Each structure stands twice: as structure tokens, then as C-alpha cells.
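The structure file data18.cif is reproduced below (mmCIF, C-alpha atoms).
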data_work
#
loop_
_atom_site.label_atom_id
_atom_site.label_comp_id
_atom_site.auth_asym_id
_atom_site.auth_seq_id
_atom_site.Cartn_x
_atom_site.Cartn_y
_atom_site.Cartn_z
CA MET A 1 -6.52 50.15 -22.20
CA SER A 2 -9.33 49.18 -19.92
CA ARG A 3 -9.17 46.14 -17.66
CA PRO A 4 -11.34 43.23 -18.75
CA ASP A 5 -14.50 42.92 -16.76
CA ARG A 6 -14.35 39.52 -15.04
CA ARG A 7 -18.07 39.50 -14.64
CA ARG A 8 -18.43 39.41 -18.40
CA TRP A 9 -16.07 36.51 -18.99
CA SER A 10 -17.97 33.61 -20.45
CA TRP A 11 -18.00 30.16 -18.91
CA ARG A 12 -15.71 29.06 -21.73
CA THR A 13 -13.05 31.54 -20.59
CA HIS A 14 -13.32 30.36 -17.02
CA LEU A 15 -13.18 26.74 -18.14
CA ALA A 16 -9.98 27.45 -20.06
CA LEU A 17 -8.45 29.24 -17.07
CA ALA A 18 -9.48 26.42 -14.72
CA LEU A 19 -7.81 23.89 -17.04
CA LEU A 20 -4.70 26.06 -17.02
CA VAL A 21 -4.75 26.03 -13.21
CA LEU A 22 -5.08 22.25 -13.27
CA VAL A 23 -2.11 21.83 -15.61
CA LEU A 24 0.06 24.29 -13.66
CA VAL A 25 -0.74 22.58 -10.35
CA HIS A 26 0.06 19.20 -11.88
CA TRP A 27 3.47 20.24 -13.21
CA ALA A 28 4.35 22.16 -10.07
CA GLY A 29 3.46 19.10 -7.99
CA ILE A 30 5.49 16.77 -10.20
CA TRP A 31 8.50 19.11 -9.91
CA VAL A 32 8.19 19.49 -6.16
CA ALA A 33 7.44 15.84 -5.32
CA PRO A 34 10.96 14.31 -5.62
CA ARG A 35 12.53 17.27 -3.81
CA LEU A 36 9.96 17.10 -1.04
CA ILE A 37 10.30 13.32 -0.72
CA MET A 38 14.09 13.66 -0.58
CA PHE A 39 13.84 16.46 2.00
CA MET A 40 11.51 14.40 4.17
CA ALA A 41 13.77 11.36 3.89
CA MET A 42 16.73 13.47 5.03
CA ARG A 43 14.71 14.69 7.99
CA ARG A 44 13.88 11.10 8.92
CA ILE A 45 17.54 10.12 8.63
CA GLU A 46 18.45 13.04 10.90
CA ALA A 47 15.81 11.90 13.37
CA ALA A 48 17.46 8.46 13.32
CA GLY A 49 20.70 10.02 14.54
CA ALA A 50 22.56 11.30 11.48
CA THR A 51 24.29 14.68 11.45
CA SER A 52 25.13 16.74 8.37
CA ASN A 53 28.60 16.17 6.91
CA GLN A 54 29.33 13.23 9.19
CA ALA A 55 29.30 9.51 8.44
CA PHE A 56 26.27 7.65 9.75
CA HIS A 57 26.23 3.87 9.82
CA ALA A 58 22.60 2.77 9.63
CA PRO A 59 21.50 -0.43 11.35
CA ALA A 60 20.84 -3.51 9.22
CA VAL A 61 17.61 -3.35 7.23
CA ASP A 62 14.68 -5.32 8.63
CA ALA A 63 10.87 -5.20 8.77
CA ARG A 64 11.01 -2.20 11.13
CA SER A 65 13.01 -0.07 8.67
CA ARG A 66 10.79 2.83 7.67
CA THR A 67 13.25 5.55 6.66
CA ILE A 68 13.40 4.87 2.92
CA VAL A 69 10.83 2.97 0.84
CA MET A 70 11.83 -0.38 -0.65
CA PRO A 71 15.02 -0.80 1.36
CA SER A 72 17.26 -3.61 0.18
CA PRO A 73 17.68 -6.23 2.91
CA ASP A 74 20.82 -7.43 1.12
CA MET A 75 22.80 -4.25 1.80
CA LEU A 76 24.35 -2.51 4.76
CA TYR A 77 24.06 1.25 4.39
CA SER A 78 26.33 4.01 5.60
CA LEU A 79 25.56 7.54 4.53
CA CYS A 80 26.35 11.22 4.76
CA LEU A 81 23.77 14.00 4.67
CA LEU A 82 25.42 16.75 2.67
CA ASP A 83 25.28 20.42 3.59
CA LEU A 84 27.65 22.21 1.23
CA SER A 85 26.49 25.71 2.11
CA ARG A 86 29.66 26.46 4.12
CA GLY A 87 32.11 24.80 1.78
CA PRO A 88 33.09 21.54 0.09
CA VAL A 89 32.80 18.20 1.84
CA ARG A 90 35.20 15.32 1.47
CA VAL A 91 34.02 11.69 1.47
CA ARG A 92 36.39 8.75 1.69
CA ALA A 93 35.74 5.02 1.58
CA GLN A 94 37.97 1.99 1.25
CA PRO A 95 36.25 -1.19 2.38
CA ARG A 96 38.69 -4.06 1.88
CA LEU A 97 36.12 -6.58 0.71
CA ASP A 98 35.90 -9.15 -2.07
CA SER A 99 32.13 -8.67 -2.34
CA TYR A 100 30.14 -5.83 -3.90
CA TRP A 101 30.19 -2.33 -2.47
CA SER A 102 29.53 1.05 -4.01
CA VAL A 103 29.35 4.74 -3.17
CA ALA A 104 26.59 6.79 -4.79
CA VAL A 105 25.91 10.52 -4.66
CA TYR A 106 22.35 11.86 -4.86
CA GLU A 107 21.37 15.44 -5.39
CA ALA A 108 18.47 17.20 -3.71
CA ASN A 109 16.06 16.27 -6.50
CA SER A 110 16.90 12.55 -5.93
CA ASP A 111 18.99 12.06 -9.11
CA ASN A 112 21.90 9.63 -8.83
CA LEU A 113 24.67 11.98 -9.88
CA PHE A 114 27.71 9.78 -9.34
CA VAL A 115 28.51 6.16 -8.49
CA ARG A 116 31.61 4.01 -8.22
CA ASN A 117 31.80 0.36 -7.21
CA ASP A 118 34.52 -1.96 -5.95
CA ARG A 119 35.31 -3.39 -9.39
CA GLN A 120 35.76 0.03 -10.93
CA LEU A 121 38.10 1.06 -8.13
CA GLN A 122 40.11 -2.20 -8.29
CA GLY A 123 41.16 -2.09 -4.68
CA ARG A 124 41.82 1.63 -4.54
CA GLY A 125 39.99 3.77 -2.07
CA LEU A 126 37.50 6.43 -3.05
CA ASP A 127 38.20 10.07 -2.20
CA LEU A 128 35.53 12.57 -3.24
CA TRP A 129 35.43 16.38 -3.13
CA LEU A 130 31.81 17.51 -3.23
CA SER A 131 31.12 21.17 -3.84
CA ALA A 132 28.14 23.44 -4.44
CA PRO A 133 28.20 26.11 -7.18
CA ALA A 134 29.24 28.82 -4.71
CA HIS A 135 32.53 27.03 -3.91
CA ARG A 136 33.39 25.66 -7.32
CA ALA A 137 36.47 27.87 -7.64
CA LEU A 138 38.25 26.31 -4.65
CA PRO A 139 41.21 24.13 -5.67
CA VAL A 140 40.69 20.36 -5.52
CA PRO A 141 43.65 18.42 -4.03
CA ASP A 142 45.56 16.11 -6.34
CA GLY A 143 44.22 12.59 -6.53
CA VAL A 144 40.79 13.57 -5.25
CA THR A 145 37.73 13.10 -7.46
CA PRO A 146 35.64 16.27 -7.74
CA VAL A 147 31.85 15.99 -7.79
CA SER A 148 29.98 19.19 -8.64
CA MET A 149 26.62 19.32 -6.95
CA PRO A 150 23.87 21.52 -8.42
CA SER A 151 22.78 22.58 -4.94
CA ALA A 152 24.04 22.49 -1.37
CA ARG A 153 22.05 19.48 -0.23
CA GLY A 154 22.24 15.80 -1.07
CA ILE A 155 23.13 12.35 0.20
CA VAL A 156 26.19 10.14 -0.22
CA LEU A 157 25.36 6.47 0.25
CA LEU A 158 27.70 3.53 0.78
CA ARG A 159 26.20 0.13 -0.01
CA VAL A 160 27.90 -3.04 1.21
CA LEU A 161 26.51 -6.41 0.17
CA THR A 162 25.54 -8.50 3.20
CA ALA A 163 24.82 -11.75 1.36
CA VAL A 164 28.14 -13.27 2.35
CA PRO A 165 29.01 -16.26 4.53
CA GLU A 166 28.14 -15.72 8.18
CA ALA A 167 31.80 -15.73 9.17
CA GLN A 168 32.39 -12.58 7.11
CA ARG A 169 29.61 -10.46 8.65
CA ALA A 170 31.87 -8.92 11.29
CA LEU A 171 34.33 -8.01 8.55
CA LEU A 172 31.59 -6.13 6.67
CA GLU A 173 30.71 -4.14 9.74
CA ARG A 174 34.33 -3.22 10.33
CA GLU A 175 35.15 -2.36 6.74
CA ARG A 176 32.11 -0.19 6.11
CA ARG A 177 33.40 2.10 8.85
CA SER A 178 36.14 3.17 6.47
CA PHE A 179 33.40 5.45 5.11
CA GLN A 180 34.20 8.99 6.26
CA CYS A 181 32.53 12.30 5.62
CA GLN A 182 33.70 15.69 6.83
CA PRO A 183 34.05 19.32 5.72
CA ALA A 184 37.02 19.64 3.37
CA ASP A 185 38.75 22.13 5.69
CA ALA A 186 38.61 19.76 8.65
CA PRO A 187 41.81 17.91 9.64
CA SER A 188 41.93 14.51 7.97
CA SER A 189 42.01 11.34 10.04
CA GLY A 190 42.62 9.15 6.98
CA PRO A 191 40.49 6.27 5.73
CA MET B 1 -17.98 38.48 -40.89
CA ASN B 2 -21.45 39.19 -42.12
CA GLN B 3 -22.42 42.48 -40.55
CA ASP B 4 -26.03 41.87 -41.44
CA ALA B 5 -26.29 38.63 -39.54
CA PRO B 6 -28.95 38.76 -36.88
CA PRO B 7 -27.76 38.68 -33.28
CA LEU B 8 -27.69 35.28 -31.58
CA PRO B 9 -30.71 34.43 -29.49
CA ALA B 10 -30.11 35.05 -25.82
CA THR B 11 -30.11 31.31 -25.08
CA MET B 12 -27.19 30.76 -27.50
CA ARG B 13 -24.92 33.57 -26.32
CA PRO B 14 -21.97 32.71 -24.04
CA ARG B 15 -23.20 33.55 -20.61
CA PRO B 16 -21.15 35.04 -17.81
CA MET B 17 -20.42 32.52 -15.09
CA GLY B 18 -22.24 33.08 -11.86
CA ARG B 19 -20.14 34.50 -9.03
CA ALA B 20 -20.87 31.55 -6.78
CA ALA B 21 -19.64 29.06 -9.37
CA LEU B 22 -16.24 30.70 -9.84
CA PRO B 23 -14.55 29.60 -6.57
CA ALA B 24 -15.98 26.13 -7.03
CA ALA B 25 -14.62 25.83 -10.57
CA TYR B 26 -11.12 26.97 -9.66
CA GLY B 27 -11.15 24.98 -6.43
CA LEU B 28 -12.11 21.90 -8.40
CA ALA B 29 -9.23 22.57 -10.81
CA LEU B 30 -6.85 22.83 -7.87
CA ILE B 31 -8.09 19.59 -6.34
CA LEU B 32 -7.94 17.77 -9.67
CA GLY B 33 -4.42 19.09 -10.24
CA LEU B 34 -3.26 17.72 -6.88
CA ALA B 35 -5.10 14.45 -7.48
CA SER B 36 -3.37 14.09 -10.84
CA VAL B 37 0.01 14.42 -9.09
CA LEU B 38 -0.87 11.61 -6.67
CA TRP B 39 -2.18 9.55 -9.58
CA ALA B 40 1.04 10.08 -11.52
CA LEU B 41 3.16 9.10 -8.49
CA ARG B 42 1.33 5.78 -8.32
CA GLY B 43 2.42 5.15 -11.88
CA PRO B 44 -0.67 3.83 -13.66
CA LEU B 45 0.65 5.07 -16.99
CA PRO B 46 3.94 4.05 -18.57
CA GLY B 47 6.50 6.83 -18.37
CA VAL B 48 9.28 7.75 -20.74
CA GLY B 49 11.88 4.98 -20.71
CA GLU B 50 9.57 2.42 -19.11
CA VAL B 51 10.16 -1.14 -20.20
CA ARG B 52 8.11 -4.29 -19.72
CA ALA B 53 9.26 -7.88 -19.60
CA GLY B 54 6.37 -10.25 -18.86
CA PRO B 55 4.80 -9.17 -15.56
CA TRP B 56 7.89 -7.11 -14.70
CA ALA B 57 8.21 -3.37 -15.28
CA GLY B 58 11.32 -1.24 -15.10
CA SER B 59 12.66 2.01 -16.39
CA SER B 60 15.83 2.70 -18.31
CA LEU B 61 15.88 6.15 -16.69
CA THR B 62 15.67 5.19 -13.02
CA GLY B 63 18.04 7.35 -11.00
CA SER B 64 19.29 9.12 -14.10
CA PRO B 65 19.69 12.89 -14.36
CA GLN B 66 18.19 12.43 -17.84
CA ALA B 67 14.93 11.14 -16.36
CA ASP B 68 11.79 13.05 -17.27
CA ALA B 69 9.92 14.80 -14.47
CA HIS B 70 7.26 12.10 -14.13
CA THR B 71 9.78 9.25 -13.97
CA ARG B 72 11.87 11.15 -11.40
CA ALA B 73 8.82 11.81 -9.23
CA ARG B 74 7.59 8.22 -9.46
CA VAL B 75 11.01 6.75 -8.65
CA ALA B 76 11.31 9.10 -5.66
CA ALA B 77 7.92 7.97 -4.40
CA GLU B 78 8.46 4.25 -4.89
CA GLY B 79 12.21 3.71 -4.88
CA LEU B 80 14.07 6.69 -3.47
CA LEU B 81 17.88 6.52 -3.73
CA ALA B 82 17.77 4.10 -6.64
CA LEU B 83 20.91 3.64 -8.70
CA GLY B 84 21.27 4.23 -12.41
CA ARG B 85 21.12 1.27 -14.75
CA SER B 86 24.87 1.02 -15.24
CA GLU B 87 25.06 0.06 -11.58
CA THR B 88 21.74 -1.58 -10.81
CA MET B 89 18.58 -2.39 -12.72
CA TYR B 90 15.25 -2.76 -11.00
CA TYR B 91 12.22 -4.71 -12.21
CA VAL B 92 9.00 -4.59 -10.24
CA ALA B 93 6.04 -6.99 -10.49
CA ARG B 94 2.60 -6.30 -9.07
CA GLN B 95 0.74 -8.88 -11.14
CA ASP B 96 1.17 -12.53 -12.02
CA ASP B 97 1.64 -13.87 -15.54
CA ARG B 98 -2.10 -13.68 -16.17
CA GLY B 99 -2.37 -10.07 -15.07
CA ARG B 100 -4.00 -10.75 -11.70
CA PRO B 101 -2.84 -8.54 -8.82
CA LEU B 102 -0.36 -10.26 -6.50
CA ARG B 103 -1.63 -10.91 -2.96
CA SER B 104 0.56 -11.86 -0.03
CA ARG B 105 -1.84 -14.58 1.18
CA CYS B 106 -1.51 -16.42 -2.14
CA SER B 107 1.44 -18.63 -3.03
CA TYR B 108 3.34 -18.07 -6.25
CA ARG B 109 6.01 -19.99 -8.04
CA VAL B 110 8.63 -17.65 -9.47
CA GLU B 111 11.03 -19.24 -11.90
CA GLY B 112 13.30 -18.36 -14.75
CA PRO B 113 16.89 -18.20 -15.92
CA ALA B 114 19.36 -16.50 -13.64
CA PRO B 115 19.44 -12.84 -14.74
CA ALA B 116 22.56 -11.67 -16.57
CA ALA B 117 24.22 -9.70 -13.78
CA ARG B 118 27.11 -9.90 -11.35
CA TRP B 119 24.65 -10.42 -8.51
CA TRP B 120 20.86 -10.35 -8.20
CA SER B 121 18.12 -10.70 -5.63
CA LEU B 122 14.34 -10.94 -5.36
CA THR B 123 12.67 -9.07 -2.48
CA ALA B 124 9.04 -9.09 -1.32
CA TYR B 125 7.39 -5.85 -0.19
CA GLY B 126 3.93 -5.11 1.14
CA ALA B 127 1.45 -2.56 -0.14
CA ASP B 128 3.34 0.20 1.70
CA HIS B 129 6.59 -0.71 -0.09
CA TYR B 130 8.26 -1.86 3.11
CA LEU B 131 9.40 -5.35 4.09
CA PHE B 132 7.07 -7.99 5.48
CA ASP B 133 7.54 -9.07 9.06
CA ALA B 134 8.91 -12.33 7.72
CA PRO B 135 9.89 -15.28 9.90
CA GLN B 136 13.63 -15.61 10.48
CA GLY B 137 14.15 -12.25 8.81
CA ARG B 138 14.01 -13.84 5.38
CA TYR B 139 13.17 -10.79 3.29
CA SER B 140 14.79 -11.80 0.01
CA LEU B 141 16.27 -14.66 -1.94
CA ASN B 142 19.32 -14.06 -4.02
CA ALA B 143 21.93 -15.39 -6.38
CA GLN B 144 23.95 -16.75 -3.52
CA GLY B 145 21.14 -18.61 -1.76
CA LEU B 146 19.34 -20.14 -4.73
CA THR B 147 20.50 -23.29 -6.47
CA LEU B 148 20.30 -23.28 -10.25
CA ASP B 149 19.29 -26.39 -12.19
CA ALA B 150 21.31 -27.83 -15.06
CA ALA B 151 19.75 -25.32 -17.43
CA GLY B 152 20.79 -22.40 -15.24
CA ARG B 153 17.26 -21.74 -13.98
CA PHE B 154 16.09 -20.91 -10.49
CA ALA B 155 12.72 -21.52 -8.85
CA LEU B 156 11.25 -20.27 -5.58
CA ALA B 157 7.90 -19.88 -3.89
CA THR B 158 6.36 -16.88 -2.20
CA GLY B 159 3.41 -17.02 0.20
CA GLY B 160 2.26 -17.25 3.78
CA GLN B 161 3.29 -20.91 3.93
CA ALA B 162 6.29 -22.73 2.52
CA SER B 163 5.74 -24.82 -0.60
CA PRO B 164 7.34 -28.28 -0.58
CA GLY B 165 10.51 -28.55 -2.59
CA LEU B 166 10.97 -24.83 -3.24
CA PRO B 167 13.00 -22.16 -1.44
CA TRP B 168 10.50 -20.00 0.44
CA LEU B 169 10.17 -16.22 0.37
CA PRO B 170 7.65 -15.54 3.16
CA THR B 171 4.87 -12.99 2.59
CA PRO B 172 2.71 -13.16 5.74
CA GLY B 173 -0.70 -11.50 6.06
CA ASP B 174 -3.15 -10.44 3.38
CA GLN B 175 -2.25 -7.35 1.41
CA ALA B 176 -0.98 -6.36 -1.99
CA LEU B 177 2.38 -7.93 -2.80
CA VAL B 178 5.17 -6.19 -4.70
CA LEU B 179 8.14 -8.21 -5.95
CA THR B 180 11.35 -6.40 -6.82
CA LEU B 181 14.13 -7.96 -8.85
CA ARG B 182 17.46 -6.16 -8.42
CA LEU B 183 20.33 -6.76 -10.81
CA TYR B 184 23.66 -5.39 -9.60
CA ASN B 185 26.21 -4.65 -12.34
CA PRO B 186 23.96 -6.01 -15.09
CA ASP B 187 25.53 -7.25 -18.31
CA ALA B 188 26.14 -4.58 -20.92
CA SER B 189 23.61 -6.15 -23.29
CA LEU B 190 20.87 -5.81 -20.69
CA GLN B 191 21.87 -2.24 -19.88
CA ALA B 192 21.56 -1.42 -23.56
CA ASP B 193 18.17 -3.10 -23.85
CA PRO B 194 16.40 -3.45 -20.48
CA ALA B 195 13.40 -5.07 -22.18
CA ALA B 196 15.64 -7.98 -23.18
CA LEU B 197 15.36 -9.44 -19.67
CA VAL B 198 14.08 -13.01 -19.88
CA PRO B 199 11.30 -12.43 -17.34
CA PRO B 200 10.94 -14.82 -14.44
CA ALA B 201 7.46 -16.37 -14.62
CA ILE B 202 5.05 -15.69 -11.73
CA GLN B 203 2.38 -18.37 -11.47
CA PRO B 204 -0.06 -19.03 -8.62
CA ILE B 205 0.34 -22.28 -6.71
CA GLY B 206 -3.10 -23.78 -6.11
CA ASP B 207 -6.28 -21.77 -5.80
CA CYS B 208 -6.31 -18.31 -4.33
CA PRO B 209 -9.77 -16.78 -4.43
#
Take the structure in the file and give it back as C-alpha cells.
Amino acid sequence: MSRPDRRRWSWRTHLALALLVLVLVHWAGIWVAPRLIMFMAMRRIEAAGATSNQAFHAPAVDARSRTIVMPSPDMLYSLCLLDLSRGPVRVRAQPRLDSYWSVAVYEANSDNLFVRNDRQLQGRGLDLWLSAPAHRALPVPDGVTPVSMPSARGIVLLRVLTAVPEAQRALLERERRSFQCQPADAPSSGP
Amino acid sequence: MNQDAPPLPATMRPRPMGRAALPAAYGLALILGLASVLWALRGPLPGVGEVRAGPWAGSSLTGSPQADAHTRARVAAEGLLALGRSETMYYVARQDDRGRPLRSRCSYRVEGPAPAARWWSLTAYGADHYLFDAPQGRYSLNAQGLTLDAAGRFALATGGQASPGLPWLPTPGDQALVLTLRLYNPDASLQADPAALVPPAIQPIGDCP
């Protein structure tokens, strides 16, 4: 079978191929965009002082906050940049607060994979076991909630509502530090 | 096919494309493909799951693993780390009730019934989707700080200057204005039908050429 002679392709053939290139570029870009945006956000968070698999308590949101678009000024954020390539990571949180708080897990493509809030937990603490596919077979301790991540990277985010009376602000700051993140094989210091 | 048909005149036959035009054609396709990605991220077209309530737009798929690729990309670009609707619902307004683009130098009255949620807030963002450099760090007004009238309705004013008699959400400078309504732990009925939000009205106060 002889190879087609490109020089003899008509302009209609080239137009069809150019349209195919356009469509492929579009879909590739749409697939890459959330992953790239998430990756860049994680780099910015690292530049702000966060370290993988450790809790990071971000400063209060204000007009200078440029790490994540549309930040909520009504929330205090603590977070953990996940790197599950070496094994599962354990995240604990137990803010003793009457106001709203939640812990959300995001995967590398930006999807919100898991979330629990204070009302759902009814005063109990949250204890998560996050694992990548390569470490799925490892046993999860009793009483710990497993979260299976599709890849090794992601973010765990604690939100604590700041719209509370001024006298309670110090309490928020103290209680959000119950948020802990560490490799599952590290010795526990308790929430 | 009629074998006896005469051959097409030379002017009507498909002609090979000139060598010089080939790189330009494929380069143009590449550029248009990238431009279409940027266009899609800005969200001019409604995506799957998009809902509208008056001047407010939201998506039932925000943050969800079930989101289609375009919704996921747009949410990442304009609201990274958003929560799913069982936890939080987001409604964004870029236009007033008459469809005119919101500007930070103009004053608007925003009023409506308190949204059906455990807690809610209204935040003003600039064209870059970050907070305004607002006086006294007043970046949002929320369920706790707004007083409802006897009918359970709230009212506030946005703009560069405070409006008498209304709580003020400052939006200094002159740029595009984006208002975001966040509903934390929305009622189940609203989760089931995000378009059922009774939309807060957004009406200009005075003239704003």
C-alpha cells in the first residue's frame, strides 16, 4: 500500500484535518486546565510556607490574598498539601466550636471528593486515612475513615467560620489548630 | 457513477493546497483551539448543570466528581476549591436585573428574602476575582450582620460610597464587579432544585453612566 501523497491532498482534506487539530487542542486544554490550575495553586501555597503532608494554617483572608481565586473572607483556612506517593496520610481535626466548620478533600483535578461538617460529626472529631491506588491494600485502623484518592496529589482543607462575635475570635484560632496532617506511619501526637 | 461523464473543468477540481499555506492553516487551528479553551474558561456559554435565578448563575455540578469537563475547568478557573452543593451552593452575579454589567463605581441595592440555608454571605470581588481593598476590611455582608425586616427580607448597598439607611458593601475603584452569594448547608429543597432560589434583586441606585 503506497503512502498518500500529501502534496495531492485537496484543501478540503487539509481543512478537515485542521478542524480536527482545533477540536483535539480544545479538549486537551479543557482536560489539562483544572489540573494545571490546581498544580499552580499548590505551588503558590508551598511558596507561602506550606509543606507536603503537614498542617498549614493560612493567615486570615484579606485584599492581599492572592493564592486562590474568590477566597471567602468569612472563613479561616487550614490545609494540607497531600503527597501520597510514599504511603497513606492521616488527617485529624476536632475544633470544639458551636459555629460552622468543615473538612474537604480535593483531588488533583480539583474535584471535591469528600466533605464533612460539624453538624454531621455531632461533636466527634474527624480522623481520615487518605491513600493513593498504590497503597490501597494497607490496613486502615479501626475508627478511621478511609478516603481513596485517584492519584497521589491533592489538598485537604479545613474551613472555620469567622463571622462570630469578636470575643470568640481567639477561640477560633486555637481550635483550628486541632487540624493535623502527617504520614500514617508517623507517631501520633493526638488531636 | 457515470463513466462517460466528462472530466471536471480544471477550475472546479479540488486543488492541492499550496505548501506555504499548510503551516499557516494548522497554526491557525492550534491558535483557535487554545483560544477556545480560554473562551470556555471565561464561561460565556451555559454548561451542563448551570442554573439561573434572576441575575444570578450557579451550577448544580460545582465541585462534583460528576461535573463535565467544561464545568470542572470553569470552576477551577473561577472558584478553585469550591464545595459540592450538599455543603455549599454558589451563585454569581455579573449583571444587574436589567442585564447591564456590574461596575464597582456604581451603587447597587441588593435585596431579597434570606436564602434558605444554615448560613449565607454576599461577597464583592473585582474583575480579577480577588477582594477589593475595602475600607475597614469589610469584604462581605452575611446572615449574622444583616438585619431582616418583618417579612424576612434583607437589603444592602454596594458601591464606592455608602448609601444612607443601608448596610454598605464597599467596592472602591472602577472595574467590573462580581457578586458571589454563598449558601452554607443549603436546605434540601434548594439542593434538589438550585434554580428555585428566590434571587436577590440587584438594582442601580441613581445614575451610573
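Every protein or nucleic acid residue with an atom no more than 6 Å from Arg92 in chain A, counting only C-alpha atoms and leaving out same-chain residues fewer than 4 positions away, appears here: Leu126, Asp127, Phe179 and Gln180 of chain A.
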Using all atoms of range 22-40 of chain A that appear in the file, construct an axis-aligned enclosing box with 4 Å of padding on every side and provide its centre coordinates and edge lengths in Å, rounded to one decimal, as lines of an AutoDock Vina configuration file.
center_x = 4.5
center_y = 18.8
center_z = -5.7
size_x = 27.2
size_y = 19.0
size_z = 27.8
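Our summary of the geometry notes that CA of Ala50 in chain A is positioned 28.4 Å from CA of Gln136 in chain B.
For the pair CA of Arg74 in chain B and CA of Ala124 in chain B, the interatomic distance is 19.2 Å.
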Using all atoms listed in the file, find which residues of chain A lie within 6 Å of chain B and jot them down as a CSV table (one decimal) with C-alpha atoms, in the frame of the given file.
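Dumped everything to selection.csv:
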chain,number,residue,atom,x,y,z
A,8,ARG,CA,-18.4,39.4,-18.4
A,9,TRP,CA,-16.1,36.5,-19.0
A,10,SER,CA,-18.0,33.6,-20.4
A,11,TRP,CA,-18.0,30.2,-18.9
A,18,ALA,CA,-9.5,26.4,-14.7
A,22,LEU,CA,-5.1,22.2,-13.3
A,25,VAL,CA,-0.7,22.6,-10.4
A,26,HIS,CA,0.1,19.2,-11.9
A,29,GLY,CA,3.5,19.1,-8.0
A,33,ALA,CA,7.4,15.8,-5.3
A,34,PRO,CA,11.0,14.3,-5.6
A,63,ALA,CA,10.9,-5.2,8.8
A,69,VAL,CA,10.8,3.0,0.8
A,70,MET,CA,11.8,-0.4,-0.6
A,111,ASP,CA,19.0,12.1,-9.1
A,112,ASN,CA,21.9,9.6,-8.8
Please write as a PyMOL selection string the full residue list that the PyMOL selection byres ((chain B and resi 57) around 10) yields on this file. chain B and resi 46+50-56+58-59+90-94+180-181+194-195+199
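From CA of Leu113 in chain A back to CA of Ala137 in chain A, the distance works out to 19.9 Å.
Ranking A:Val160, A:Leu84, A:Ala134, A:Ala186 by their shortest atom-to-atom distance to Trp101 in chain A, with all atoms listed in the file included, puts A:Val160 first.
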Nearest to Val91 in chain A, restricted to all atoms listed in the file and choosing among A:Ala41, A:Leu138, A:Met149, A:Val156, comes out as A:Val156
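Comparing the minimum interatomic distances between Val32 in chain A and each of A:Val140, A:Trp129, A:Glu173, A:Ser110, counting all atoms listed in the file, we find that A:Ser110 sits nearest.
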Restricting to all atoms listed in the file, whichever of A:Gly125, A:Pro183, A:Gly154, A:Gly49 is closest to Gly87 in chain A is A:Pro183
Selection: 8 Å around Asn117 in chain A, all atoms listed in the file, excl. self and same-chain fewer than 6 positions, as a PyMOL selection string: chain A and resi 100-103
With C-alpha atoms retained, could you export that selection as a CSV table (one decimal), keeping the file's coordinate frame?
chain,number,residue,atom,x,y,z
A,100,TYR,CA,30.1,-5.8,-3.9
A,101,TRP,CA,30.2,-2.3,-2.5
A,102,SER,CA,29.5,1.0,-4.0
A,103,VAL,CA,29.4,4.7,-3.2
